[in-house]
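Below: the structure, in structure tokens.
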Amino acid sequence: MTHTEITRASVGLRSERGPILLAVMLSLGLVAIDSTILATAVPAVVGDLGGFTQFPWLFSVYLLAQAVTVPVYAKLADQYGRKPVMLVGIGLFVLGSLLCGLAWSMGALIAFRAVQGLGAGAVQPMSMTIVGDIYSLEERAKVQGYVASVWAISAVIGPTLGGVFADYASWRWIFLINLPLGLLAAAMIWRNFHEQIERRSHTIDYAGSVLLTGGGVLLLLALLEGGVRWGWGSPVSIALFVTSVVLLAAFVLAERRAAEPVLPLWLLRHRVVVAAMVTSLVVGVLMMGLSTYVPLYAQSVLGYGAVVAGFALAAMTLGWPIAASNSGRLYLSIGFRGTMLIGGAIAAVGTSLLLLVGPDSSIFVLALPCFVMGLGFGLVASPSIIAAQSSVTWQDRGVATGSTMFARSVGSALGVAVFGAIVNHEVASRLGRGVPDVSNLTPGILDPAIHQVFLASAIAAVLLLGVGLLMPKRISEPDEQPGSS
């Protein structure tokens, strides 16, 4: 691995590639803000529309729609280019945001969140793929600071805006604010990003896409509603699990025969990509599960308002980009595996501190472990994606990046589903009946229930340490130059 001196002047916003980087940052900002802005407003949304037991679907349906479309978008990007896929994604995200802002019931809001997810499934992986296309490995170590700054700014703006809208205006502005941002991002991409693509005939893997979508939807439904609407051992639960396994097995068989599979099976034999995928899966479980329940704990157990609760969540999403922006120096010197092991250890410390939080704790006691966990995630997730991108050629960079983002989305959806099931089961067992709206739950009921989530997170963080050992110490970039066809 070479160590060419890279300066911000050569890769930053004022460089020749600066307008493209700015366009990517604006596009990524849509998804980044959306990932934190809704969590602090959940009580306001539930208070207006009702349906406490359904609110995890606001996150899980979005994440599921994102997860099952990422591989499709990634493959299409390798076939037809990044730009058209990015523009379609932004368009769907803006449309979903408009519909969410007009939602009249929890069911409608959940459905429109799925439309948002369909857009996010293109925007986030395309942003990372474009960065991988136009910058070398050493340059990405410096550019990572710009990309991470998007998440850092969103970490502060997102929860704060969510709390302000919930407390002083209307939660609907959480979604409507995406409209001008989305239009600006699309205009920037259209004007500044140009790519040369060899036009030739391609085959779209319809069968694989349908099987992956169907299997993923049924698996999530079984995880989210199991133990709540029906027992884990009930015929409905068993039928959902069995059907999802059958569909996913059929998906694997279909990919073996597909001319251009949506998720090529060679990815599962590529050590660097597999390590990145497993890492992203575990990080997704931890990140989204905590993003859902940390603000709820701050508001319903500690008694803080939505704005203050947002700062606790912001601590985690702020720690991530701080670590990610400095991860380049680490992986260029000690390798990807060493960097990820350090990050895993820091994340484990953070989840251990979270177990010490109690009903009498201050918001700072809750925010500190979140910040520590964010530091760990930044040293694990970002280097793993860069490693995956750097280990393949341009023709496969879309699916490599997409598979990693797909794994994180699946992990996030599973985190929401599993942690939601844990909380609902704990509340139902203590009350001896179904779970009522959050407004009817006392801190004495919610505290032990959400602490079960914190305990599960600590166990998952320990697994993250083991996952780091899967990554090779160093990787070699392929000889073929990015952008060649």
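We label chains A, B, ... in the order they appear in the structure tokens, count residues from 1 in each chain, and number ligands from 1 in the order shown.
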
With only C-alpha atoms counted and 10 Å as the cut-off, give the residues of range 109-148 of chain A in contact with range 403-407 of chain A, each with its shortest interatomic distance in Å and the pair that gives it, as a Markdown table.
| residue | atom | partner | partner_atom | distance |
| --- | --- | --- | --- | --- |
| A:Gly121 | CA | A:Phe406 | CA | 8.5 |
| A:Gln124 | CA | A:Met405 | CA | 8.0 |
| A:Pro125 | CA | A:Met405 | CA | 6.3 |
| A:Met128 | CA | A:Met405 | CA | 9.4 |

Open item on the list: Taking the DSSP secondary structure from the backbone, can you list the residues of range 85-242 of chain A that are alpha helix (DSSP H), as a count of residues only?
Closed with: 125

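Residues surrounding Met86 in chain A within 7 Å are Ala122, Val123 and Met126 of chain A [only C-alpha atoms; sequence separation below 6 positions excluded].
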
Since we have the selection now, will you write its residues out, keeping all heavy atoms, as a short mmCIF file (atom, residue, chain, number, x, y, z; two decimals), in the first residue's frame?
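Once everything was written out, this is out-v1.cif:
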data_model
loop_
_atom_site.label_atom_id
_atom_site.label_comp_id
_atom_site.auth_asym_id
_atom_site.auth_seq_id
_atom_site.Cartn_x
_atom_site.Cartn_y
_atom_site.Cartn_z
N ALA A 122 -31.48 3.74 -2.67
CA ALA A 122 -30.58 4.15 -3.76
C ALA A 122 -29.61 5.21 -3.31
O ALA A 122 -28.42 5.17 -3.66
CB ALA A 122 -31.40 4.66 -4.94
N VAL A 123 -30.07 6.18 -2.52
CA VAL A 123 -29.25 7.36 -2.21
C VAL A 123 -28.00 7.00 -1.42
O VAL A 123 -26.89 7.41 -1.77
CB VAL A 123 -30.08 8.40 -1.44
CG1 VAL A 123 -29.20 9.55 -0.97
CG2 VAL A 123 -31.21 8.94 -2.31
N MET A 126 -25.37 4.72 -3.35
CA MET A 126 -24.83 5.44 -4.50
C MET A 126 -23.87 6.53 -4.06
O MET A 126 -22.86 6.80 -4.73
CB MET A 126 -25.96 6.04 -5.34
CG MET A 126 -26.74 5.04 -6.17
SD MET A 126 -25.71 4.00 -7.22
CE MET A 126 -25.59 2.52 -6.21
#

- [ ] Take CA of Phe336 in chain A and CA of Arg140 in chain A and report the distance between them in Å, one decimal.
- [x] 13.6 Å

TODO: Could you check which of A:Ile475, A:Leu356, A:Ala461, A:Ala312 is closest to Val392 in chain A, using only C-alpha atoms?
DONE: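 Closest residue, counting only C-alpha atoms: A:Ile475.
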
Task: Exercise: range 158-164 of chain A partners within 9 Å, only C-alpha atoms, chain neighbours under 2 positions left out, as a PyMOL selection string - done: chain A and resi 32-41+153-156+166-171+173-174+305-314
